[in-house]
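J.: Enclosed is the structure file structure29.txt (compact mmCIF, C-alpha atoms (C1' of nucleotides)).
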# COMPACT_ATOMS: atom_id res chain seq x y z
CA MET A 7 -41.72 339.13 114.54
CA LEU A 8 -37.95 339.11 114.67
CA GLU A 9 -36.88 337.89 118.03
CA LEU A 10 -33.59 339.07 119.33
CA PRO A 11 -30.84 336.52 119.05
CA GLU A 12 -30.44 335.15 122.48
CA LEU A 13 -28.35 332.06 122.48
CA THR A 14 -24.66 332.06 123.15
CA ILE A 15 -22.52 329.58 121.35
CA GLY A 16 -22.29 327.53 124.51
CA GLU A 17 -26.04 327.27 124.82
CA VAL A 18 -26.41 326.34 121.20
CA ALA A 19 -23.76 323.70 121.66
CA ARG A 20 -25.51 322.20 124.65
CA ARG A 21 -28.90 322.24 123.03
CA ALA A 22 -27.75 320.89 119.72
CA GLY A 23 -25.39 318.39 121.23
CA VAL A 24 -22.32 319.53 119.34
CA ALA A 25 -19.09 321.12 120.52
CA THR A 26 -18.60 324.86 120.35
CA SER A 27 -15.47 324.22 118.38
CA SER A 28 -17.53 322.43 115.76
CA ILE A 29 -19.92 325.32 115.49
CA ARG A 30 -17.07 327.74 114.88
CA TYR A 31 -15.62 325.29 112.43
CA TYR A 32 -18.90 325.07 110.52
CA GLU A 33 -18.95 328.83 110.38
CA ARG A 34 -15.40 328.92 109.06
CA VAL A 35 -16.20 326.54 106.25
CA GLY A 36 -19.37 328.36 105.36
CA LEU A 37 -21.91 325.89 106.63
CA LEU A 38 -23.31 328.38 109.07
CA PRO A 39 -23.63 332.11 108.44
CA GLU A 40 -21.82 334.54 110.67
CA PRO A 41 -24.18 335.29 113.50
CA GLU A 42 -24.80 338.65 115.04
CA ARG A 43 -22.67 339.59 117.97
CA SER A 44 -23.10 341.13 121.34
CA HIS A 45 -19.94 342.45 122.92
CA GLY A 46 -17.97 340.49 120.39
CA GLN A 47 -19.68 337.25 121.25
CA ARG A 48 -21.77 335.24 118.86
CA ARG A 49 -25.50 335.35 119.47
CA TYR A 50 -27.75 332.87 117.74
CA HIS A 51 -31.41 332.63 116.95
CA THR A 52 -33.03 329.34 117.78
CA ASP A 53 -33.29 328.54 114.11
CA VAL A 54 -29.64 327.58 114.11
CA LEU A 55 -30.68 324.50 116.06
CA GLY A 56 -32.65 323.31 113.07
CA LYS A 57 -29.74 323.87 110.79
CA LEU A 58 -27.40 322.01 113.10
CA GLY A 59 -29.91 319.22 113.33
CA PHE A 60 -30.03 319.03 109.59
CA ILE A 61 -26.26 319.02 109.35
CA GLY A 62 -26.23 316.10 111.74
CA VAL A 63 -28.82 314.19 109.79
CA ALA A 64 -27.13 314.85 106.49
CA GLN A 65 -23.79 313.88 107.91
CA SER A 66 -25.11 310.63 109.19
CA ALA A 67 -26.67 310.23 105.77
CA GLY A 68 -23.17 310.12 104.44
CA PHE A 69 -22.86 313.61 103.06
CA LYS A 70 -19.55 315.34 103.46
CA LEU A 71 -19.60 318.83 104.88
CA SER A 72 -18.76 320.17 101.45
CA GLU A 73 -21.81 318.46 100.04
CA ILE A 74 -23.98 319.69 102.84
CA LYS A 75 -22.72 323.14 102.02
CA GLU A 76 -23.80 322.66 98.42
CA LEU A 77 -27.22 321.67 99.65
CA ILE A 78 -27.53 324.58 102.01
CA ASP A 79 -26.25 327.05 99.46
CA GLY A 80 -28.67 325.66 96.92
CA VAL A 81 -31.56 325.88 99.31
CA ASP A 82 -30.71 329.37 100.47
CA SER A 83 -30.44 330.69 96.96
CA SER A 84 -32.87 331.28 94.14
CA GLU A 85 -34.14 327.90 93.20
CA GLY A 86 -35.26 326.79 96.63
CA MET A 87 -33.93 323.31 97.23
CA GLY A 88 -35.46 321.86 94.13
CA GLU A 89 -33.17 320.20 91.65
CA GLN A 90 -30.22 320.62 93.99
CA ILE A 91 -31.29 318.28 96.67
CA ARG A 92 -32.91 315.80 94.35
CA SER A 93 -29.89 315.35 92.16
CA LEU A 94 -27.46 315.27 95.03
CA SER A 95 -29.62 312.74 96.79
CA THR A 96 -29.92 310.61 93.73
CA ARG A 97 -26.18 310.54 93.31
CA LYS A 98 -25.69 309.84 96.97
CA LEU A 99 -28.25 307.10 97.00
CA ASP A 100 -26.04 304.93 94.85
CA GLU A 101 -23.17 305.36 97.24
CA VAL A 102 -25.35 304.60 100.18
CA GLU A 103 -26.72 301.50 98.56
CA ALA A 104 -23.21 300.28 97.95
CA LEU A 105 -22.34 301.04 101.54
CA LEU A 106 -25.41 299.16 102.67
CA GLU A 107 -24.35 296.13 100.68
CA ARG A 108 -20.83 296.24 102.07
CA THR A 109 -22.17 296.67 105.54
CA ARG A 110 -24.46 293.71 105.21
CA ALA A 111 -21.61 291.62 103.84
CA MET A 112 -19.39 292.67 106.66
CA LYS A 113 -22.00 291.83 109.19
CA GLY A 114 -22.22 288.36 107.72
CA TRP A 115 -18.45 288.05 107.80
CA LEU A 116 -18.32 289.08 111.42
CA GLU A 117 -21.06 286.71 112.41
CA VAL A 118 -19.13 283.84 110.93
CA ALA A 119 -15.90 285.09 112.46
CA LYS A 120 -17.52 285.25 115.85
CA GLU A 121 -18.20 281.52 115.74
CA CYS A 122 -15.08 280.57 113.89
CA GLY A 123 -13.09 277.72 115.30
CA CYS A 124 -10.43 277.55 112.64
CA ALA A 125 -6.89 277.46 113.86
CA THR A 126 -5.18 279.14 110.94
CA PRO A 127 -6.18 281.55 108.22
CA ALA A 128 -5.23 278.93 105.65
CA GLU A 129 -8.06 276.62 106.52
CA CYS A 130 -10.61 279.31 106.97
CA ALA A 131 -12.95 280.60 104.35
CA LEU A 132 -12.92 284.00 106.02
CA PHE A 133 -9.43 284.62 104.87
CA ALA A 134 -9.78 283.62 101.29
CA ALA A 135 -8.94 286.39 98.93
CA PRO A 136 -11.79 287.26 96.62
CA GLY A 137 -11.57 285.08 93.54
CA GLU A 138 -9.50 282.59 95.38
CA GLU A 139 -11.16 279.36 96.46
CA PRO A 140 -10.84 278.74 100.19
CA PRO A 141 -7.87 276.51 101.03
CA GLU A 142 -5.96 274.24 98.61
CA ALA A 143 -3.77 275.55 95.79
CA ASP A 144 -0.89 277.89 96.53
CA ALA A 145 -0.92 276.66 100.11
CA ALA A 146 2.84 276.93 99.85
CA LEU A 147 3.60 279.71 102.23
CA ARG A 148 0.39 279.92 104.11
CA LEU A 149 0.71 279.32 107.78
CA VAL A 150 0.94 275.81 109.14
CA GLN A 151 -1.78 273.68 107.67
CA VAL A 152 -4.21 271.96 109.92
CA GLN A 153 -6.97 269.82 108.63
CA GLY A 154 -10.57 270.95 108.58
CA SER A 155 -11.68 273.72 106.37
CA ASP A 156 -14.87 275.39 107.31
CA CYS A 157 -15.67 278.25 109.61
CA ARG A 158 -18.52 276.39 111.15
CA ARG A 159 -16.18 274.60 113.40
CA PRO A 160 -17.29 275.81 116.81
CA PRO A 161 -14.83 277.61 119.02
CA PRO A 162 -13.20 275.56 121.76
CA GLY A 163 -15.15 275.90 124.98
CA MET B 29 8.31 273.18 98.68
CA LEU B 30 9.42 276.77 99.14
CA GLU B 31 9.02 278.54 95.89
CA LEU B 32 11.24 281.48 95.25
CA PRO B 33 9.60 284.81 95.75
CA GLU B 34 8.85 286.03 92.34
CA LEU B 35 6.55 288.99 92.39
CA THR B 36 7.73 292.55 92.31
CA ILE B 37 5.78 295.12 94.19
CA GLY B 38 4.34 296.36 90.95
CA GLU B 39 3.00 292.95 90.01
CA VAL B 40 1.54 292.45 93.44
CA ALA B 41 -0.11 295.83 93.18
CA ARG B 42 -1.64 295.01 89.83
CA ARG B 43 -2.84 291.60 90.87
CA ALA B 44 -4.22 292.70 94.19
CA GLY B 45 -5.67 295.89 92.86
CA VAL B 46 -3.94 298.19 95.31
CA ALA B 47 -1.35 300.91 94.80
CA THR B 48 2.32 300.17 95.38
CA SER B 49 2.36 303.06 97.78
CA SER B 50 -0.29 301.33 99.84
CA ILE B 51 1.71 298.14 99.97
CA ARG B 52 4.73 300.00 101.27
CA TYR B 53 2.51 301.82 103.68
CA TYR B 54 1.09 298.56 104.99
CA GLU B 55 4.61 297.34 105.46
CA ARG B 56 5.51 300.51 107.35
CA VAL B 57 2.66 300.13 109.76
CA GLY B 58 3.38 296.45 110.28
CA LEU B 59 0.48 294.94 108.41
CA LEU B 60 2.76 293.19 106.00
CA PRO B 61 6.10 291.64 106.92
CA GLU B 62 9.23 292.91 105.28
CA PRO B 63 9.60 290.80 102.18
CA GLU B 64 12.81 289.33 100.87
CA ARG B 65 14.72 291.41 98.42
CA SER B 66 16.50 290.95 95.18
CA HIS B 67 18.91 293.72 94.29
CA GLY B 68 17.29 295.85 96.92
CA GLN B 69 13.84 295.36 95.49
CA ARG B 70 10.99 293.73 97.32
CA ARG B 71 10.09 290.25 96.10
CA TYR B 72 6.86 288.70 97.22
CA HIS B 73 5.45 285.22 97.39
CA THR B 74 1.98 284.82 95.99
CA ASP B 75 0.66 284.37 99.50
CA VAL B 76 0.83 288.10 99.97
CA LEU B 77 -2.12 288.32 97.62
CA GLY B 78 -4.22 286.43 100.12
CA LYS B 79 -3.13 288.71 102.88
CA LEU B 80 -3.91 291.79 100.84
CA GLY B 81 -7.26 290.30 99.96
CA PHE B 82 -7.95 289.76 103.60
CA ILE B 83 -6.90 293.28 104.46
CA GLY B 84 -9.35 294.51 101.87
CA VAL B 85 -12.17 292.39 103.21
CA ALA B 86 -11.46 293.35 106.77
CA GLN B 87 -11.21 296.99 105.86
CA SER B 88 -14.52 296.92 104.11
CA ALA B 89 -15.80 295.10 107.17
CA GLY B 90 -15.06 298.27 109.03
CA PHE B 91 -11.85 297.30 110.75
CA LYS B 92 -9.21 299.94 111.04
CA LEU B 93 -5.72 299.03 109.91
CA SER B 94 -4.65 298.96 113.53
CA GLU B 95 -7.33 296.41 114.29
CA ILE B 96 -6.43 294.35 111.29
CA LYS B 97 -2.90 294.40 112.58
CA GLU B 98 -4.12 293.06 115.91
CA LEU B 99 -5.89 290.30 114.07
CA ILE B 100 -2.92 289.42 111.95
CA ASP B 101 -0.53 289.55 114.86
CA GLY B 102 -2.85 287.36 116.88
CA VAL B 103 -3.18 284.88 114.07
CA ASP B 104 0.52 284.77 113.34
CA SER B 105 1.43 284.18 116.94
CA SER B 106 0.96 281.36 119.38
CA GLU B 107 -2.71 281.09 119.91
CA GLY B 108 -3.75 280.75 116.30
CA MET B 109 -6.55 283.14 115.59
CA GLY B 110 -8.79 281.77 118.30
CA GLU B 111 -10.01 284.12 120.96
CA GLN B 112 -8.45 287.08 119.13
CA ILE B 113 -10.66 287.09 116.15
CA ARG B 114 -13.77 286.02 117.97
CA SER B 115 -13.60 288.76 120.54
CA LEU B 116 -12.61 291.42 118.07
CA SER B 117 -15.43 290.35 115.80
CA THR B 118 -17.92 290.35 118.59
CA ARG B 119 -16.96 293.86 119.56
CA LYS B 120 -17.02 294.98 115.98
CA LEU B 121 -20.35 293.40 115.29
CA ASP B 122 -22.07 295.93 117.54
CA GLU B 123 -20.49 298.78 115.67
CA VAL B 124 -21.43 297.28 112.37
CA GLU B 125 -25.00 296.78 113.43
CA ALA B 126 -25.19 300.42 114.43
CA LEU B 127 -23.70 301.40 111.12
CA LEU B 128 -26.22 299.22 109.34
CA GLU B 129 -29.04 300.98 111.13
CA ARG B 130 -27.70 304.41 110.29
CA THR B 131 -27.17 303.38 106.73
CA ARG B 132 -30.69 302.12 106.38
CA ALA B 133 -32.02 305.32 107.91
CA MET B 134 -29.96 307.38 105.57
CA LYS B 135 -31.15 305.41 102.61
CA GLY B 136 -34.69 306.14 103.64
CA TRP B 137 -33.90 309.81 104.01
CA LEU B 138 -32.33 309.97 100.59
CA GLU B 139 -35.23 308.17 98.97
CA VAL B 140 -37.59 310.74 100.34
CA ALA B 141 -35.24 313.57 99.41
CA LYS B 142 -35.05 312.29 95.87
CA GLU B 143 -38.77 312.76 95.47
CA CYS B 144 -39.04 315.86 97.56
CA GLY B 145 -40.98 318.70 96.10
CA CYS B 146 -40.77 321.05 99.03
CA ALA B 147 -39.64 324.54 98.27
CA THR B 148 -38.04 325.43 101.56
CA PRO B 149 -36.48 323.52 104.41
CA ALA B 150 -39.03 324.99 106.76
CA GLU B 151 -41.91 323.07 105.27
CA CYS B 152 -40.04 319.88 104.82
CA ALA B 153 -39.88 317.03 107.25
CA LEU B 154 -36.42 316.17 106.00
CA PHE B 155 -35.03 319.21 107.65
CA ALA B 156 -36.62 318.89 111.00
CA ALA B 157 -34.14 318.65 113.79
CA PRO B 158 -34.51 315.51 115.81
CA GLY B 159 -37.01 316.16 118.57
CA GLU B 160 -38.49 319.05 116.69
CA GLU B 161 -41.84 318.51 115.04
CA PRO B 162 -41.74 319.32 111.33
CA PRO B 163 -42.76 322.93 110.63
CA GLU B 164 -44.71 325.26 112.98
CA ALA B 165 -43.21 326.79 116.13
CA ASP B 166 -40.02 328.84 115.97
CA ALA B 167 -40.65 329.49 112.32
CA ALA B 168 -39.29 332.93 113.07
CA LEU B 169 -36.13 333.02 111.07
CA ARG B 170 -36.65 330.04 108.87
CA LEU B 171 -36.59 330.77 105.23
CA VAL B 172 -39.66 332.16 103.52
CA GLN B 173 -42.66 330.09 104.38
CA VAL B 174 -44.66 328.48 101.67
CA GLN B 175 -47.67 326.41 102.37
CA GLY B 176 -47.64 322.62 102.16
CA SER B 177 -45.69 320.55 104.54
CA ASP B 178 -44.88 317.11 103.44
CA CYS B 179 -42.06 315.64 101.44
CA ARG B 180 -44.39 313.61 99.34
CA ARG B 181 -45.06 316.56 97.18
CA PRO B 182 -43.71 315.41 93.84
CA PRO B 183 -40.97 317.39 92.18
CA PRO B 184 -42.01 319.77 89.44
CA GLY B 185 -41.71 318.08 86.08
C1' DA C 7 -11.05 344.71 142.73
C1' DT C 8 -10.92 339.99 142.38
C1' DG C 9 -12.38 335.79 140.84
C1' DG C 10 -15.20 332.85 137.95
C1' DG C 11 -17.20 331.68 133.89
C1' DC C 12 -18.01 332.21 129.32
C1' DC C 13 -16.50 334.11 125.37
C1' DT C 14 -12.77 335.59 121.55
C1' DT C 15 -8.78 334.59 118.09
C1' DG C 16 -5.37 332.20 114.97
C1' DA C 17 -2.37 328.54 114.80
C1' DA C 18 -1.20 324.16 115.46
C1' DG C 19 -2.18 319.33 116.46
C1' DT C 20 -4.71 314.78 115.82
C1' DG C 21 -5.89 310.37 113.54
C1' DG C 22 -6.68 307.72 109.73
C1' DG C 23 -5.18 306.28 105.34
C1' DG C 24 -2.83 307.08 102.30
C1' DT C 25 -0.23 309.76 97.86
C1' DT C 26 3.44 312.46 95.88
C1' DC C 27 8.03 313.91 95.29
C1' DA C 28 13.01 314.22 94.43
C1' DA C 29 16.94 311.86 93.90
C1' DG C 30 18.97 307.74 93.20
C1' DT C 31 19.85 302.44 91.80
C1' DC C 32 19.61 298.62 88.77
C1' DA C 33 19.06 295.34 84.70
C1' DA C 34 17.77 294.79 80.13
C1' DG C 35 17.45 296.30 75.35
C1' DG C 36 18.86 298.81 71.23
C1' DC D 6 26.95 303.42 75.95
C1' DC D 7 22.65 305.23 76.83
C1' DT D 8 17.97 305.05 77.55
C1' DT D 9 13.87 303.10 79.52
C1' DG D 10 11.17 301.40 83.07
C1' DA D 11 10.56 299.60 87.40
C1' DC D 12 12.17 299.87 91.54
C1' DT D 13 14.37 302.28 96.13
C1' DT D 14 14.19 305.89 100.11
C1' DG D 15 12.52 309.47 103.57
C1' DA D 16 10.03 313.34 103.92
C1' DA D 17 6.47 315.97 102.85
C1' DC D 18 2.00 316.61 101.57
C1' DC D 19 -3.27 315.68 101.20
C1' DC D 20 -8.11 315.35 102.84
C1' DC D 21 -11.45 315.31 106.45
C1' DA D 22 -13.52 316.84 110.55
C1' DC D 23 -12.39 318.45 114.21
C1' DT D 24 -9.93 319.60 118.89
C1' DT D 25 -6.61 321.89 121.58
C1' DC D 26 -3.94 325.65 122.97
C1' DA D 27 -2.31 330.13 124.48
C1' DA D 28 -3.38 334.59 125.33
C1' DG D 29 -6.70 337.68 126.05
C1' DG D 30 -11.66 340.21 126.74
C1' DC D 31 -16.02 340.98 128.96
C1' DC D 32 -19.63 340.80 132.40
C1' DC D 33 -21.26 339.57 136.89
C1' DA D 34 -21.22 338.46 141.79
C1' DT D 35 -18.89 338.74 146.07
For this file, write the structure as structure tokens.
T.:
Amino acid sequence: MLELPELTIGEVARRAGVATSSIRYYERVGLLPEPERSHGQRRYHTDVLGKLGFIGVAQSAGFKLSEIKELIDGVDSSEGMGEQIRSLSTRKLDEVEALLERTRAMKGWLEVAKECGCATPAECALFAAPGEEPPEADAALRLVQVQGSDCRRPPPG
Amino acid sequence: MLELPELTIGEVARRAGVATSSIRYYERVGLLPEPERSHGQRRYHTDVLGKLGFIGVAQSAGFKLSEIKELIDGVDSSEGMGEQIRSLSTRKLDEVEALLERTRAMKGWLEVAKECGCATPAECALFAAPGEEPPEADAALRLVQVQGSDCRRPPPG
DNA sequence: ATGGGCCTTGAAGTGGGGTTCAAGTCAAGG
DNA sequence: CCTTGACTTGAACCCCACTTCAAGGCCCAT
């Protein structure tokens, strides 16, 4: 049932869509086990593709490589991915929710900015520091004041 | 109308919620202008708080410092934040939308993971490489197979 | 046997965003 | 006068995830 390892690092790289240098790097940091070798060259079983896929997913899920390593180590050992992955995911979920919020906010900001016709930061709500009301007050050293105040002013043209 | 600059770097740091080292760093990379000095020490006008606030907002909007610098330079110069900020924002909006998508996907993944009762990666949809159907096929070197296949299996306990 | 192509290694470099450190200056307070 | 505390500097260091490089090895086809 054990197939011989048949993939070179280059093939794995092509099929998984990652660089060979990344694969070696993952091995160095313990994310991937040392594969068997043929004539000194790494030879992989196809199952490494799944692992690389998972690393990709987890990475795009916001896990650092060190966290992914925790996950993998947890899964590979005794307990079988139980508490490990659940607790790590629960922790991470909070971070991701915060990121989601920030991302939404930043999308809103950019959408306004895209249509912003303000001439100076001073008159523009986009540039108000948090806790600071848009213009007025300490307008002392802000850039030249122009009238108007809202970012809904359409861009010229 | 010009108030004297009155804030030390430490006060600015406290009020803006950033480290003094960051403020100096921002100055080094041209995000903040060189402030006036009193006895060799930096003295800031309160307007720097607005700028730092903006840097924070822009950063959390996904702009790199170098992009924020572009924005600030554009705003501070001739044209007055017009085309500059609109085009940069338009470009950035695409990136942010992609990030939003990834973030949503990763939230979904984590929510499933949090409730995952699978015992091995092999049986679990979370660990399927993209383009690979969940378990079956090349199960050769995957970890010990257990039956069951779906991540909706509740955690033990 | 020569060239091509793929592989090997360790070390160093990159980019982004800072932080830390040692050594020194300065003004105010006791 | 001496200490205390906040500031100054440049350089070095940190983390993260890689990439790049030089120098070399191995197999295969021509």
J.: Residues of chain D within 10 Å of chain B, counting all atoms listed in the file, what are they? List them as a ChimeraX atom specification.
T.: /D:11-13
J.: Please dump the current selection as a PDB file, keeping the file's coordinate frame; keep C-alpha atoms (C1' of nucleotides).
T.:
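Generated file (part15.pdb):
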ATOM      1  C1'  DA D  11      10.560 299.600  87.400  1.00  0.00           C
ATOM      2  C1'  DC D  12      12.170 299.870  91.540  1.00  0.00           C
ATOM      3  C1'  DT D  13      14.370 302.280  96.130  1.00  0.00           C
TER       4       DT D  13
END
J.: Calculate how many Å separate atom C1' of C:DT15 from atom CA of A:Gly59, rounding to one decimal.
T.: 26.6 Å
J.: Please report, as a Markdown table, each residue of chain C lying at most 10 Å from chain A, together with the nearest pair of atoms and the separation in Å rounded to one decimal; use only C-alpha atoms (C1' of nucleotides), and order rows by chain and ascending residue number.
T.:
| residue | atom | partner | partner_atom | distance |
| --- | --- | --- | --- | --- |
| C:DC12 | C1' | A:Gly16 | CA | 8.0 |
| C:DC13 | C1' | A:Gln47 | CA | 6.1 |
| C:DT14 | C1' | A:Gln47 | CA | 7.1 |
J.: Find the spatial neighbours of B:Leu128, counting all atoms listed in the file, within a cut-off of 8 Å - ignore same-chain residues fewer than 4 positions away - and output them as a list in words.
T.: Leu106, Thr109 and Arg110 of chain A; Val124 and Arg132 of chain B
J.: Report the distance between atom CA of B:Gly58 and atom CA of B:Leu127 in Å, rounded to one decimal place.
T.: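 Interatomic distance here is 27.5 Å.
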J.: Distance atom CA of A:Arg92-atom CA of B:Lys142, one decimal place?
T.: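 These two atoms are separated by 4.4 Å.
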J.: Calculated over all atoms listed in the file, which of the candidates B:Ala126, B:Ala133, B:Ala141, B:Leu93 has the smallest distance to C:DG22?
T.: B:Leu93
J.: Out of B:Glu39, B:Glu62, B:Asp122, B:Glu98, which residue has the shortest atom-to-atom distance to chain A when counting only C-alpha atoms?
T.: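 Once distances to chain A are computed over only C-alpha atoms, the minimum belongs to B:Asp122.
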J.: Restricting the calculation to all atoms listed in the file: of A:Glu12, A:Asp79, A:Glu107, A:Asp53, which residue gets closest to chain B?
T.: A:Asp53
J.: What would the list of residues within 7 Å of (17.3, 303.4, 97.9) (file frame) look like as number ranges by chain, if only C-alpha atoms (C1' of nucleotides) are what count?
T.: C: 30-31; D: 13-14
J.: Can you pull out the residues contacting C:DG9? Cut-off 12 Å, using all atoms listed in the file, and skip same-chain residues under 3 positions away; I want them as a PyMOL selection string.
T.: chain D and resi 33-35
